[in-house]
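Just work-v1.cif here, mmCIF, C-alpha atoms and all ligand atoms:
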```
data_data
#
loop_
_atom_site.label_atom_id
_atom_site.label_comp_id
_atom_site.auth_asym_id
_atom_site.auth_seq_id
_atom_site.Cartn_x
_atom_site.Cartn_y
_atom_site.Cartn_z
CA MET A 1047 9.61 -7.67 28.01
CA ARG A 1048 6.25 -9.22 27.46
CA TRP A 1049 6.12 -9.49 23.66
CA LYS A 1050 2.98 -10.92 22.12
CA GLU A 1051 3.66 -14.64 22.27
CA GLN A 1052 2.73 -15.16 18.62
CA LEU A 1053 5.41 -12.68 17.50
CA LEU A 1054 8.16 -14.87 18.88
CA THR A 1055 7.47 -17.58 16.31
CA LEU A 1056 7.37 -15.19 13.34
CA THR A 1057 10.23 -14.29 11.05
CA PRO A 1058 10.30 -11.05 9.10
CA TYR A 1059 9.31 -11.17 5.42
CA GLN A 1060 12.19 -12.52 3.32
CA PRO A 1061 12.35 -10.32 0.25
CA GLY A 1062 13.76 -11.66 -3.02
CA LYS A 1063 17.50 -11.09 -3.41
CA SER A 1064 18.45 -7.61 -4.56
CA ILE A 1065 20.07 -7.07 -7.93
CA GLU A 1066 23.11 -5.37 -6.42
CA SER A 1067 23.91 -8.12 -3.93
CA VAL A 1068 23.64 -10.85 -6.58
CA LYS A 1069 25.86 -8.92 -8.99
CA LYS A 1070 28.57 -8.67 -6.38
CA GLN A 1071 28.32 -12.19 -5.06
CA TYR A 1072 28.48 -13.97 -8.42
CA ASN A 1073 30.51 -11.38 -10.27
CA LEU A 1074 27.84 -10.92 -12.94
CA GLU A 1075 27.38 -7.91 -15.16
CA GLN A 1076 23.73 -8.22 -15.86
CA ILE A 1077 20.98 -9.40 -13.62
CA VAL A 1078 17.35 -9.91 -14.54
CA LYS A 1079 14.96 -9.93 -11.61
CA LEU A 1080 11.89 -12.06 -12.23
CA ALA A 1081 11.08 -12.73 -8.60
CA SER A 1082 8.52 -10.22 -7.35
CA ASN A 1083 6.05 -9.85 -10.22
CA GLU A 1084 7.15 -6.30 -10.97
CA ASN A 1085 6.38 -4.81 -14.36
CA PRO A 1086 9.35 -5.44 -16.70
CA PHE A 1087 8.28 -2.42 -18.77
CA GLY A 1088 8.48 -0.01 -15.85
CA CYS A 1089 5.66 2.52 -15.63
CA SER A 1090 3.87 5.00 -17.86
CA LYS A 1091 5.83 8.03 -19.12
CA ASN A 1092 3.02 10.13 -17.66
CA VAL A 1093 4.27 9.13 -14.22
CA LEU A 1094 7.77 10.40 -14.85
CA SER A 1095 6.59 13.79 -16.08
CA ALA A 1096 4.04 14.12 -13.28
CA LEU A 1097 6.73 13.44 -10.69
CA GLN A 1098 9.12 15.90 -12.33
CA SER A 1099 6.64 18.75 -12.19
CA HIS A 1100 5.48 17.80 -8.67
CA GLN A 1101 6.58 20.34 -6.06
CA PRO A 1102 5.95 18.40 -2.90
CA GLY A 1103 7.48 20.55 -0.22
CA PHE A 1104 9.33 17.83 1.63
CA ALA A 1105 8.48 19.41 4.97
CA ILE A 1106 4.74 19.14 4.41
CA TYR A 1107 2.71 16.03 5.26
CA PRO A 1108 0.94 14.38 2.33
CA ASP A 1109 -2.81 14.79 1.89
CA GLY A 1110 -4.14 12.24 4.37
CA TYR A 1111 -7.49 12.08 2.60
CA MET A 1112 -5.77 11.49 -0.79
CA THR A 1113 -8.29 13.93 -2.25
CA SER A 1114 -7.09 14.02 -5.88
CA LEU A 1115 -6.21 10.33 -6.02
CA ARG A 1116 -9.57 9.49 -4.46
CA GLU A 1117 -11.37 11.57 -7.10
CA ALA A 1118 -9.38 9.93 -9.89
CA VAL A 1119 -9.94 6.35 -8.72
CA ALA A 1120 -13.62 6.96 -7.91
CA SER A 1121 -14.31 8.37 -11.33
CA PHE A 1122 -12.26 5.67 -13.08
CA LEU A 1123 -14.14 2.87 -11.30
CA LYS A 1124 -17.46 4.72 -11.16
CA VAL A 1125 -17.75 4.27 -7.40
CA GLY A 1126 -18.39 6.76 -4.64
CA GLN A 1127 -15.41 8.54 -3.09
CA ASP A 1128 -16.54 7.17 0.26
CA GLU A 1129 -16.34 3.63 -1.08
CA LEU A 1130 -12.53 3.71 -1.21
CA ILE A 1131 -9.74 3.19 1.28
CA PHE A 1132 -6.08 3.76 0.37
CA GLY A 1133 -3.00 2.06 1.69
CA ASN A 1134 0.78 2.09 1.60
CA GLY A 1135 0.47 -0.75 -0.87
CA SER A 1136 -2.38 -3.20 -0.58
CA ASP A 1137 -0.25 -5.00 2.02
CA ASN A 1138 -1.15 -2.09 4.27
CA ILE A 1139 -4.86 -2.64 3.67
CA ILE A 1140 -4.46 -6.32 4.56
CA GLN A 1141 -2.89 -5.12 7.79
CA ILE A 1142 -5.68 -2.59 8.44
CA ILE A 1143 -8.37 -5.25 7.90
CA SER A 1144 -6.57 -7.67 10.22
CA ARG A 1145 -6.13 -5.02 12.85
CA ALA A 1146 -9.78 -4.06 12.66
CA LEU A 1147 -11.32 -7.53 12.70
CA LEU A 1148 -8.94 -10.17 14.05
CA HIS A 1149 -8.16 -10.95 17.67
CA PRO A 1150 -7.73 -13.95 19.96
CA GLY A 1151 -10.98 -15.89 19.93
CA ALA A 1152 -11.81 -14.92 16.35
CA ASN A 1153 -10.82 -17.02 13.36
CA THR A 1154 -10.04 -16.35 9.73
CA VAL A 1155 -10.34 -18.61 6.69
CA MET A 1156 -7.91 -18.64 3.77
CA ALA A 1157 -6.56 -20.88 1.04
CA THR A 1158 -3.11 -22.42 1.18
CA PRO A 1159 -0.75 -21.84 -0.55
CA SER A 1160 -1.82 -18.27 -1.07
CA PHE A 1161 -0.43 -14.80 -0.41
CA SER A 1162 1.63 -14.93 2.79
CA GLN A 1163 0.47 -11.67 4.34
CA TYR A 1164 -3.03 -12.87 5.26
CA LYS A 1165 -1.62 -15.47 7.61
CA HIS A 1166 1.23 -13.30 8.84
CA ASN A 1167 -1.11 -10.52 9.97
CA ALA A 1168 -3.63 -12.96 11.44
CA ILE A 1169 -0.87 -14.50 13.55
CA ILE A 1170 0.15 -11.10 14.89
CA GLU A 1171 -3.45 -10.37 15.88
CA GLY A 1172 -3.66 -13.72 17.67
CA ALA A 1173 -6.57 -15.07 15.60
CA GLU A 1174 -7.07 -18.73 14.80
CA ILE A 1175 -6.12 -19.49 11.20
CA ARG A 1176 -8.08 -21.98 9.12
CA GLU A 1177 -6.14 -22.85 5.99
CA ILE A 1178 -7.89 -24.78 3.24
CA PRO A 1179 -5.60 -26.50 0.73
CA LEU A 1180 -5.96 -25.49 -2.90
CA LEU A 1181 -7.66 -28.01 -5.16
CA ASP A 1182 -5.73 -28.32 -8.44
CA GLY A 1183 -4.15 -24.95 -7.71
CA GLN A 1184 -7.52 -23.30 -7.15
CA HIS A 1185 -9.44 -22.08 -4.12
CA ASP A 1186 -11.65 -24.83 -2.72
CA LEU A 1187 -14.56 -22.51 -1.93
CA GLU A 1188 -16.82 -25.31 -0.71
CA LYS A 1189 -14.36 -26.36 1.96
CA MET A 1190 -13.64 -22.73 2.76
CA TYR A 1191 -17.34 -22.15 3.28
CA ALA A 1192 -17.56 -25.24 5.49
CA ALA A 1193 -14.75 -23.84 7.67
CA ILE A 1194 -16.74 -20.70 8.52
CA ASP A 1195 -18.45 -20.62 11.91
CA GLU A 1196 -19.84 -18.00 14.28
CA ASN A 1197 -16.32 -16.88 15.22
CA THR A 1198 -15.12 -16.32 11.66
CA ASN A 1199 -14.48 -12.63 11.02
CA VAL A 1200 -12.57 -12.56 7.73
CA VAL A 1201 -12.34 -14.83 4.67
CA TRP A 1202 -9.54 -14.21 2.16
CA VAL A 1203 -9.96 -15.00 -1.52
CA CYS A 1204 -6.92 -14.29 -3.67
CA SER A 1205 -7.99 -14.23 -7.31
CA PRO A 1206 -5.93 -14.55 -9.35
CA ASN A 1207 -4.03 -16.44 -6.68
CA ASN A 1208 -0.42 -15.83 -5.81
CA PRO A 1209 1.60 -18.13 -6.22
CA THR A 1210 -0.44 -20.30 -8.61
CA GLY A 1211 -1.78 -17.60 -10.99
CA THR A 1212 -5.17 -19.33 -11.11
CA TYR A 1213 -8.46 -17.48 -10.68
CA VAL A 1214 -11.88 -18.23 -9.27
CA PRO A 1215 -14.48 -18.36 -12.07
CA GLU A 1216 -17.66 -16.38 -11.64
CA SER A 1217 -19.75 -19.57 -11.53
CA LYS A 1218 -17.94 -20.55 -8.33
CA LEU A 1219 -17.55 -17.15 -6.73
CA THR A 1220 -21.15 -15.97 -6.72
CA PRO A 1221 -22.67 -19.05 -5.02
CA PHE A 1222 -19.95 -18.64 -2.38
CA LEU A 1223 -20.73 -14.95 -1.86
CA ASP A 1224 -24.43 -15.85 -1.64
CA LYS A 1225 -23.77 -18.28 1.22
CA VAL A 1226 -21.18 -16.54 3.40
CA PRO A 1227 -22.94 -14.92 6.38
CA SER A 1228 -23.29 -11.16 6.05
CA ASP A 1229 -21.31 -10.51 9.25
CA VAL A 1230 -18.16 -12.10 7.77
CA LEU A 1231 -15.92 -9.80 5.72
CA ILE A 1232 -14.86 -11.37 2.42
CA VAL A 1233 -11.61 -9.94 1.08
CA LEU A 1234 -11.12 -10.40 -2.64
CA ASP A 1235 -7.46 -9.64 -3.35
CA GLU A 1236 -7.12 -8.68 -7.01
CA ALA A 1237 -3.50 -7.53 -7.14
CA TYR A 1238 -3.27 -8.96 -10.69
CA TYR A 1239 -6.73 -7.88 -11.85
CA GLU A 1240 -5.43 -5.81 -14.77
CA TYR A 1241 -3.67 -8.85 -16.28
CA VAL A 1242 -6.78 -11.06 -16.33
CA PHE A 1243 -8.13 -12.05 -19.73
CA ALA A 1244 -10.41 -14.99 -18.84
CA ASP A 1245 -13.95 -14.65 -20.22
CA ASP A 1246 -15.64 -16.01 -17.13
CA TYR A 1247 -14.04 -13.50 -14.78
CA TYR A 1248 -16.51 -11.45 -12.72
CA ASP A 1249 -17.01 -7.73 -12.40
CA SER A 1250 -15.79 -7.42 -8.84
CA ILE A 1251 -16.69 -3.75 -8.42
CA GLU A 1252 -20.27 -4.61 -9.37
CA LEU A 1253 -20.16 -7.43 -6.80
CA THR A 1254 -19.34 -4.94 -4.02
CA ARG A 1255 -22.77 -3.37 -4.67
CA LYS A 1256 -24.56 -6.68 -4.40
CA TYR A 1257 -22.59 -7.99 -1.39
CA PRO A 1258 -22.12 -5.37 1.33
CA ASN A 1259 -19.68 -7.69 3.15
CA LEU A 1260 -17.19 -7.77 0.24
CA ILE A 1261 -14.02 -5.69 -0.11
CA VAL A 1262 -11.93 -5.74 -3.29
CA LEU A 1263 -8.22 -4.97 -3.02
CA ARG A 1264 -6.18 -3.62 -5.92
CA THR A 1265 -2.74 -2.14 -6.27
CA PHE A 1266 -0.56 0.19 -8.32
CA SER A 1267 2.43 -2.09 -7.68
CA LYS A 1268 1.91 -4.65 -10.41
CA ILE A 1269 0.74 -3.70 -13.92
CA TYR A 1270 0.99 0.04 -13.17
CA GLY A 1271 4.66 -0.44 -12.32
CA LEU A 1272 4.76 1.64 -9.13
CA ALA A 1273 5.84 -1.00 -6.59
CA SER A 1274 8.44 1.29 -5.03
CA LEU A 1275 5.94 4.08 -4.37
CA ARG A 1276 3.54 1.87 -2.38
CA VAL A 1277 -0.06 2.63 -3.33
CA GLY A 1278 -2.94 0.20 -3.03
CA TYR A 1279 -6.65 0.58 -2.42
CA GLY A 1280 -9.78 -1.20 -1.32
CA VAL A 1281 -13.29 -0.82 -2.75
CA ALA A 1282 -16.28 -1.66 -0.58
CA ASN A 1283 -19.63 -0.55 0.72
CA ARG A 1284 -19.25 2.76 2.58
CA SER A 1285 -20.15 1.23 5.93
CA ILE A 1286 -17.15 -1.11 5.67
CA ILE A 1287 -14.86 1.75 4.69
CA GLN A 1288 -16.13 3.82 7.62
CA ALA A 1289 -15.47 0.96 10.02
CA LEU A 1290 -11.94 0.39 8.69
CA GLU A 1291 -10.83 4.03 8.51
CA PRO A 1292 -9.94 4.47 12.22
CA ALA A 1293 -7.48 1.57 11.89
CA ARG A 1294 -5.62 3.35 9.06
CA GLU A 1295 -2.70 5.56 9.98
CA PRO A 1296 -3.31 9.19 9.02
CA PHE A 1297 -0.65 9.75 6.32
CA ASN A 1298 -0.20 6.25 4.98
CA VAL A 1299 0.19 7.16 1.28
CA ASN A 1300 3.09 9.49 0.54
CA SER A 1301 2.66 12.46 -1.78
CA PHE A 1302 4.84 11.02 -4.59
CA GLY A 1303 2.77 7.87 -4.57
CA GLN A 1304 -0.43 9.87 -4.83
CA VAL A 1305 0.82 11.96 -7.76
CA ALA A 1306 2.28 8.94 -9.54
CA ALA A 1307 -0.85 6.81 -9.12
CA ILE A 1308 -3.08 9.50 -10.66
CA ALA A 1309 -0.73 9.77 -13.67
CA ALA A 1310 -0.50 5.98 -14.00
CA LEU A 1311 -4.27 5.63 -13.98
CA SER A 1312 -4.55 8.20 -16.76
CA ASP A 1313 -2.52 6.04 -19.15
CA GLN A 1314 -4.68 3.01 -19.84
CA GLU A 1315 -2.94 2.58 -23.19
CA PHE A 1316 0.22 1.64 -21.30
CA VAL A 1317 -1.76 -0.81 -19.20
CA GLN A 1318 -3.30 -2.47 -22.25
CA ASP A 1319 0.07 -2.69 -23.94
CA CYS A 1320 1.64 -4.39 -20.91
CA LYS A 1321 -1.31 -6.75 -20.67
CA LYS A 1322 -0.90 -7.75 -24.30
CA LYS A 1323 2.86 -8.26 -24.03
CA ASN A 1324 2.37 -10.26 -20.86
CA ARG A 1325 -0.08 -12.56 -22.53
CA GLN A 1326 2.40 -13.16 -25.35
CA GLY A 1327 5.11 -13.73 -22.75
CA LEU A 1328 3.02 -16.36 -21.00
CA THR A 1329 2.93 -18.40 -24.21
CA GLN A 1330 6.75 -18.47 -24.27
CA PHE A 1331 6.63 -20.17 -20.87
CA TYR A 1332 3.82 -22.54 -21.84
CA ASP A 1333 5.61 -23.58 -25.06
CA PHE A 1334 8.74 -24.27 -23.07
CA CYS A 1335 6.85 -26.35 -20.51
CA GLU A 1336 5.16 -28.37 -23.21
CA ARG A 1337 8.44 -29.03 -25.01
CA HIS A 1338 10.05 -30.18 -21.76
CA ASN A 1339 7.05 -32.00 -20.38
CA LEU A 1340 6.79 -29.78 -17.32
CA SER A 1341 3.50 -29.08 -15.64
CA TYR A 1342 2.41 -25.55 -14.81
CA TYR A 1343 -0.72 -23.70 -13.81
CA PRO A 1344 -2.35 -21.65 -16.57
CA SER A 1345 -1.92 -18.10 -15.31
CA GLN A 1346 -4.06 -14.97 -15.38
CA THR A 1347 -1.18 -12.97 -13.93
CA ASN A 1348 2.32 -11.85 -14.83
CA PHE A 1349 3.97 -14.94 -13.35
CA VAL A 1350 3.94 -18.69 -13.90
CA LEU A 1351 4.43 -21.46 -11.36
CA ILE A 1352 6.35 -24.24 -13.10
CA ASP A 1353 7.00 -27.67 -11.64
CA ILE A 1354 10.61 -28.36 -12.58
CA ASN A 1355 10.59 -31.93 -11.19
CA ALA A 1356 13.64 -31.12 -9.12
CA ASP A 1357 14.48 -29.39 -5.89
CA ALA A 1358 13.23 -25.82 -6.24
CA ASN A 1359 16.17 -24.35 -4.35
CA GLN A 1360 18.62 -26.08 -6.68
CA GLY A 1361 16.82 -24.68 -9.71
CA PHE A 1362 16.72 -21.27 -8.08
CA GLN A 1363 20.46 -21.35 -7.36
CA PHE A 1364 21.32 -22.48 -10.89
CA LEU A 1365 19.35 -19.62 -12.43
CA LEU A 1366 20.80 -17.16 -9.94
CA GLU A 1367 24.31 -17.99 -11.02
CA LYS A 1368 23.25 -17.37 -14.62
CA GLY A 1369 21.97 -13.93 -13.63
CA TYR A 1370 18.26 -14.65 -13.25
CA ILE A 1371 16.57 -14.07 -9.91
CA VAL A 1372 13.34 -16.07 -9.69
CA ARG A 1373 11.30 -17.22 -6.70
CA SER A 1374 11.92 -20.67 -5.30
CA GLY A 1375 8.67 -22.52 -4.65
CA SER A 1376 10.09 -24.03 -1.47
CA ALA A 1377 9.05 -21.06 0.65
CA LEU A 1378 5.72 -20.83 -1.20
CA GLY A 1379 4.45 -24.35 -0.54
CA PHE A 1380 5.67 -25.85 -3.84
CA PRO A 1381 9.04 -27.47 -3.13
CA SER A 1382 9.66 -28.61 -6.72
CA SER A 1383 8.43 -25.47 -8.49
CA LEU A 1384 9.73 -22.07 -9.49
CA ARG A 1385 7.57 -18.97 -9.65
CA ILE A 1386 8.88 -16.86 -12.51
CA THR A 1387 7.68 -13.37 -13.35
CA VAL A 1388 6.93 -12.85 -17.02
CA GLY A 1389 9.53 -10.40 -18.30
CA SER A 1390 10.14 -8.87 -21.71
CA ALA A 1391 10.28 -11.34 -24.62
CA GLU A 1392 14.07 -11.24 -24.48
CA GLN A 1393 14.21 -11.79 -20.71
CA ASN A 1394 11.81 -14.71 -21.04
CA ASP A 1395 13.97 -16.30 -23.72
CA GLY A 1396 17.00 -15.84 -21.51
CA VAL A 1397 15.56 -17.33 -18.35
CA LEU A 1398 14.05 -20.24 -20.27
CA LYS A 1399 17.34 -20.96 -21.99
CA ALA A 1400 19.00 -21.11 -18.56
CA LEU A 1401 16.21 -23.28 -17.21
CA GLY A 1402 16.68 -25.60 -20.20
CA GLU A 1403 20.34 -25.93 -19.23
CA PHE A 1404 19.36 -26.77 -15.70
CA LEU A 1405 16.99 -29.49 -16.89
CA THR A 1406 19.69 -30.97 -19.13
CA GLN A 1407 22.11 -31.00 -16.21
CA GLN A 1408 19.53 -32.74 -14.05
CA ASN A 1409 18.86 -35.38 -16.70
CA THR A 1410 22.56 -36.06 -17.19
CA ALA A 1411 22.95 -36.47 -13.44
CA LYS A 1412 20.02 -38.89 -13.34
CA LEU A 1413 21.41 -40.92 -16.24
CA SER A 1414 24.82 -41.28 -14.67
CA GLU A 1415 23.19 -42.42 -11.41
CA ASN A 1416 21.47 -45.27 -13.28
C1 LIG B 1501 1.94 -8.10 -4.74
C2 LIG B 1501 0.72 -8.51 -4.02
C3 LIG B 1501 0.10 -7.69 -3.06
C4 LIG B 1501 0.74 -6.49 -2.46
O1 LIG B 1501 0.95 -5.47 -3.24
P1 LIG B 1501 1.36 -4.04 -2.67
O2 LIG B 1501 2.67 -3.75 -3.31
O3 LIG B 1501 1.44 -4.08 -1.19
O4 LIG B 1501 0.25 -3.17 -3.14
C5 LIG B 1501 -1.09 -8.09 -2.49
N1 LIG B 1501 -1.64 -9.26 -2.82
C6 LIG B 1501 -1.07 -10.09 -3.71
C7 LIG B 1501 -1.72 -11.37 -4.02
C8 LIG B 1501 0.13 -9.75 -4.32
O5 LIG B 1501 0.73 -10.61 -5.15
#
```
Let me see the structure of the file written as C-alpha cells.
Amino acid sequence: MRWKEQLLTLTPYQPGKSIESVKKQYNLEQIVKLASNENPFGCSKNVLSALQSHQPGFAIYPDGYMTSLREAVASFLKVGQDELIFGNGSDNIIQIISRALLHPGANTVMATPSFSQYKHNAIIEGAEIREIPLLDGQHDLEKMYAAIDENTNVVWVCSPNNPTGTYVPESKLTPFLDKVPSDVLIVLDEAYYEYVFADDYYDSIELTRKYPNLIVLRTFSKIYGLASLRVGYGVANRSIIQALEPAREPFNVNSFGQVAAIAALSDQEFVQDCKKKNRQGLTQFYDFCERHNLSYYPSQTNFVLIDINADANQGFQFLLEKGYIVRSGSALGFPSSLRITVGSAEQNDGVLKALGEFLTQQNTAKLSEN
C-alpha cells in the first residue's frame, strides 16, 4: 500500500506508564503518577454531580455544535460564540489547524524542545518543519520571526512552554505579534494558562481582538482536572474559526465532556484553590533544588523540569521502583532532566525524598569511582 512516506518514520505517541502496569511489574502497593501534568486534586465536585444527573441517552449523538458549552465558555471569556472552536482535547485542535493549513510545500515554525504534537502533526501533513532552539528555556521569538518566509503557514508559541514551564513575557510577545505577517496563523498554546501567576503575562483573549491571525488554545485537561473526558478549545477571530470548522469532525466532543466542562467552569473557587496549592508545591521543588544544587526552570505551570546531573532514564527508573512515575527528559530533549508534575504536598515530599536518595546513590557511586 502506498502509505504517506512521512508516516513510515513516525512512531505512535508513547504515553507515560500506567499505574496498574507499574504496580504489577514492581510489586508496589501505592503508585503516584506525576508524569502527565494531571491535576492531583481531581476535579470540582460540581462535575461529579453534573455527570450523575446527566441523562445522555447513549444511543444519541452528542450536540455537535456544543451549544451549552459554547454559551458557557463565551460568556465566561466575554467572547462571541462564533469566536470559539471545540476539540476532543486541545490536541484535536492542533490536528485541525495542521490539517487545514499544512501541506507539502508549506512550512511551519516552532520552538524546540516544545510540545511534541506540533511537529508530529506537521510531519503527517508533509510540511517542512523549522525548529528554533529555546534560549535559556524560553522561546527565541527573534529567531522564530527570522525563520518565517512566504511559505510559512503556521507558527506555534507554547506559553507556558511544555516541557520547560517557562512563559513568554508580554514585552516579547507583542513586538513579535506586530511583526508576523497577517497571512501566517500564530497559535498560542496556553494549556497551563490557569496556573500562571507572573505579573507580566498578557491578556491573550484581548490579543485575539488586536491580532486577527492569532488563535489561543486552552484545555479542560489540566487545572480543571478533566483529562480523561477530552475537552479543549480555541479562541480566535470569527474568520479563522469559520475557516477551521470544515476540518473539524462533526461530533468531536462527547456529551459527558460537554456536561463536565460546563460544571468545571462554574467552579472557579476550585480552580483558584488548585492554583494556590500548586504555587506552594512549586516552592517545595525549588527548595529541594537549591539544597541539592540542582538547576531548574522557574515554572508557571504544574510541573518542573529539574536537571538531575545524571542520566534521566536512570533517575526515572529509580523513582519508578519507589512508586513514583515521572517523565524522563530523554524523550523531551533534556537527557539529564526529569519533568515532574507538582502533586499534593505529601506527594511532593515523597517524590523529593526518593529523588534525594537517588542523588545520594549517584554521589556514592562517583566517590567510589575516584
Ligand atoms: C497537555 C497539553 C495539551 C493537550 O491537552 P489536551 O488534553 O489534548 O487538551 C496541549 N498543549 C500542551 C502544551 C500541553 O501540555
Do you have, as a Markdown table, the list of residues of chain A lying at most 9 Å from ligand LIG 1501 (chain B), each with its nearest atom pair and that distance in Å to one decimal, counting all atoms listed in the file and ordered by chain then number?
```
| residue | atom | partner | partner_atom | distance |
| --- | --- | --- | --- | --- |
| A:Ser1082 | CA | B:LIG1501 | C1 | 7.4 |
| A:Asn1083 | CA | B:LIG1501 | C1 | 7.1 |
| A:Glu1084 | CA | B:LIG1501 | C1 | 8.3 |
| A:Gly1133 | CA | B:LIG1501 | O4 | 7.8 |
| A:Asn1134 | CA | B:LIG1501 | O3 | 6.8 |
| A:Gly1135 | CA | B:LIG1501 | O4 | 3.3 |
| A:Ser1136 | CA | B:LIG1501 | O4 | 3.7 |
| A:Asp1137 | CA | B:LIG1501 | O3 | 3.7 |
| A:Asn1138 | CA | B:LIG1501 | O3 | 6.4 |
| A:Ile1139 | CA | B:LIG1501 | O3 | 8.1 |
| A:Ile1140 | CA | B:LIG1501 | C5 | 8.0 |
| A:Ser1160 | CA | B:LIG1501 | C7 | 7.5 |
| A:Phe1161 | CA | B:LIG1501 | C7 | 5.1 |
| A:Ser1162 | CA | B:LIG1501 | C7 | 8.4 |
| A:Gln1163 | CA | B:LIG1501 | N1 | 7.8 |
| A:Tyr1164 | CA | B:LIG1501 | N1 | 9.0 |
| A:Cys1204 | CA | B:LIG1501 | C7 | 6.0 |
| A:Ser1205 | CA | B:LIG1501 | C7 | 7.6 |
| A:Pro1206 | CA | B:LIG1501 | C7 | 7.5 |
| A:Asn1207 | CA | B:LIG1501 | C7 | 6.2 |
| A:Asn1208 | CA | B:LIG1501 | C7 | 5.0 |
| A:Pro1209 | CA | B:LIG1501 | O5 | 7.6 |
| A:Asp1235 | CA | B:LIG1501 | N1 | 5.9 |
| A:Glu1236 | CA | B:LIG1501 | C7 | 6.7 |
| A:Ala1237 | CA | B:LIG1501 | C6 | 4.9 |
| A:Tyr1238 | CA | B:LIG1501 | O5 | 7.0 |
| A:Leu1263 | CA | B:LIG1501 | C5 | 7.8 |
| A:Arg1264 | CA | B:LIG1501 | O4 | 7.0 |
| A:Thr1265 | CA | B:LIG1501 | O4 | 4.4 |
| A:Phe1266 | CA | B:LIG1501 | O4 | 6.2 |
| A:Ser1267 | CA | B:LIG1501 | O2 | 4.7 |
| A:Lys1268 | CA | B:LIG1501 | C1 | 6.6 |
| A:Leu1272 | CA | B:LIG1501 | O2 | 8.2 |
| A:Ala1273 | CA | B:LIG1501 | O2 | 5.3 |
| A:Ser1274 | CA | B:LIG1501 | O2 | 7.9 |
| A:Leu1275 | CA | B:LIG1501 | O2 | 8.6 |
| A:Arg1276 | CA | B:LIG1501 | O2 | 5.8 |
| A:Val1277 | CA | B:LIG1501 | O4 | 5.8 |
| A:Gly1278 | CA | B:LIG1501 | O4 | 4.6 |
| A:Tyr1279 | CA | B:LIG1501 | O4 | 7.9 |
```
Using atom CA of Ser1067 of chain A and atom CA of Leu1366 of chain A as the two end points, give the distance in Å to one decimal.
11.3 Å
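The environment of Val1093 of chain A within 7 Å, counting only C-alpha atoms and disregarding residues fewer than 4 places along the same chain, consists of Cys1089, Leu1097, Ala1306, Ala1309 and Ala1310 of chain A.
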Can you pull out the residues contacting segment 1320-1323 of chain A? Cut-off 12 Å, using all atoms listed in the file, and skip same-chain residues under 6 positions away; I want them as a PDB file with C-alpha atoms, keeping the file's coordinate frame.
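File out_4.pdb, as written:
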```pdb
ATOM      1  CA  GLU A1084       7.150  -6.300 -10.970  1.00  0.00           C
ATOM      2  CA  ASN A1085       6.380  -4.810 -14.360  1.00  0.00           C
ATOM      3  CA  PRO A1086       9.350  -5.440 -16.700  1.00  0.00           C
ATOM      4  CA  PHE A1087       8.280  -2.420 -18.770  1.00  0.00           C
ATOM      5  CA  GLY A1088       8.480  -0.010 -15.850  1.00  0.00           C
ATOM      6  CA  CYS A1089       5.660   2.520 -15.630  1.00  0.00           C
ATOM      7  CA  SER A1090       3.870   5.000 -17.860  1.00  0.00           C
ATOM      8  CA  TYR A1238      -3.270  -8.960 -10.690  1.00  0.00           C
ATOM      9  CA  TYR A1239      -6.730  -7.880 -11.850  1.00  0.00           C
ATOM     10  CA  GLU A1240      -5.430  -5.810 -14.770  1.00  0.00           C
ATOM     11  CA  TYR A1241      -3.670  -8.850 -16.280  1.00  0.00           C
ATOM     12  CA  VAL A1242      -6.780 -11.060 -16.330  1.00  0.00           C
ATOM     13  CA  PHE A1243      -8.130 -12.050 -19.730  1.00  0.00           C
ATOM     14  CA  LYS A1268       1.910  -4.650 -10.410  1.00  0.00           C
ATOM     15  CA  ILE A1269       0.740  -3.700 -13.920  1.00  0.00           C
ATOM     16  CA  TYR A1270       0.990   0.040 -13.170  1.00  0.00           C
ATOM     17  CA  GLY A1271       4.660  -0.440 -12.320  1.00  0.00           C
ATOM     18  CA  ASP A1313      -2.520   6.040 -19.150  1.00  0.00           C
ATOM     19  CA  GLN A1314      -4.680   3.010 -19.840  1.00  0.00           C
ATOM     20  CA  THR A1329       2.930 -18.400 -24.210  1.00  0.00           C
ATOM     21  CA  GLN A1330       6.750 -18.470 -24.270  1.00  0.00           C
ATOM     22  CA  GLN A1346      -4.060 -14.970 -15.380  1.00  0.00           C
ATOM     23  CA  THR A1347      -1.180 -12.970 -13.930  1.00  0.00           C
ATOM     24  CA  ASN A1348       2.320 -11.850 -14.830  1.00  0.00           C
ATOM     25  CA  VAL A1388       6.930 -12.850 -17.020  1.00  0.00           C
ATOM     26  CA  GLY A1389       9.530 -10.400 -18.300  1.00  0.00           C
ATOM     27  CA  SER A1390      10.140  -8.870 -21.710  1.00  0.00           C
ATOM     28  CA  ALA A1391      10.280 -11.340 -24.620  1.00  0.00           C
ATOM     29  CA  GLU A1392      14.070 -11.240 -24.480  1.00  0.00           C
ATOM     30  CA  ASN A1394      11.810 -14.710 -21.040  1.00  0.00           C
TER      31      ASN A1394
END
```
For atom CA of Lys1091 of chain A and atom CA of Phe1316 of chain A, the interatomic separation in Å (one decimal)
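Interatomic distance, atom CA of Lys1091 of chain A to atom CA of Phe1316 of chain A: 8.8 Å.
Proximity ranking of A:Leu1054, A:Ala1120, A:Met1112, A:Leu1094 relative to Phe1132 of chain A places A:Met1112 first, based on only C-alpha atoms.
Shortest atom-to-atom contact with Ala1146 of chain A among A:Glu1216, A:Glu1291, A:Asp1319, A:Glu1188: A:Glu1291, counting only C-alpha atoms.
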Could you give me, as JSON, numbers by chain, the residues within 10 Å of Thr1055 of chain A, counting all atoms listed in the file and dropping anything in the same chain fewer than 3 positions from it?
{"A": [1050, 1051, 1052, 1169, 1170]}
Just the number, please: distance in Å from atom CA of Val1078 of chain A to atom CA of Pro1381 of chain A, one decimal.
22.5 Å
Quick one: residues within 12 Å of Ile1175 of chain A, all atoms listed in the file, excluding same-chain residues fewer than 2 positions away - as a VMD selection string?
chain A and resid 1144 1148 to 1158 1164 to 1173 1177 to 1178 1190 1193 to 1194 1197 to 1202
Of the candidates A:Leu1340, A:Ala1081, A:Arg1116, A:Gly1183, which shows the shortest atom-to-atom distance to Lys1063 of chain A, using all atoms listed in the file?
A:Ala1081
Taking only C-alpha atoms into account, name the residue in A:Asp1353, A:Glu1196, A:Asp1246, A:Glu1367 that is nearest to Tyr1332 of chain A.
A:Asp1353
Which one is closest to Ser1250 of chain A: A:Pro1108, A:Gly1126, A:Pro1296, A:Gly1280? Count only C-alpha atoms.
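Ranked by minimum distance to Ser1250 of chain A, first place goes to A:Gly1280.
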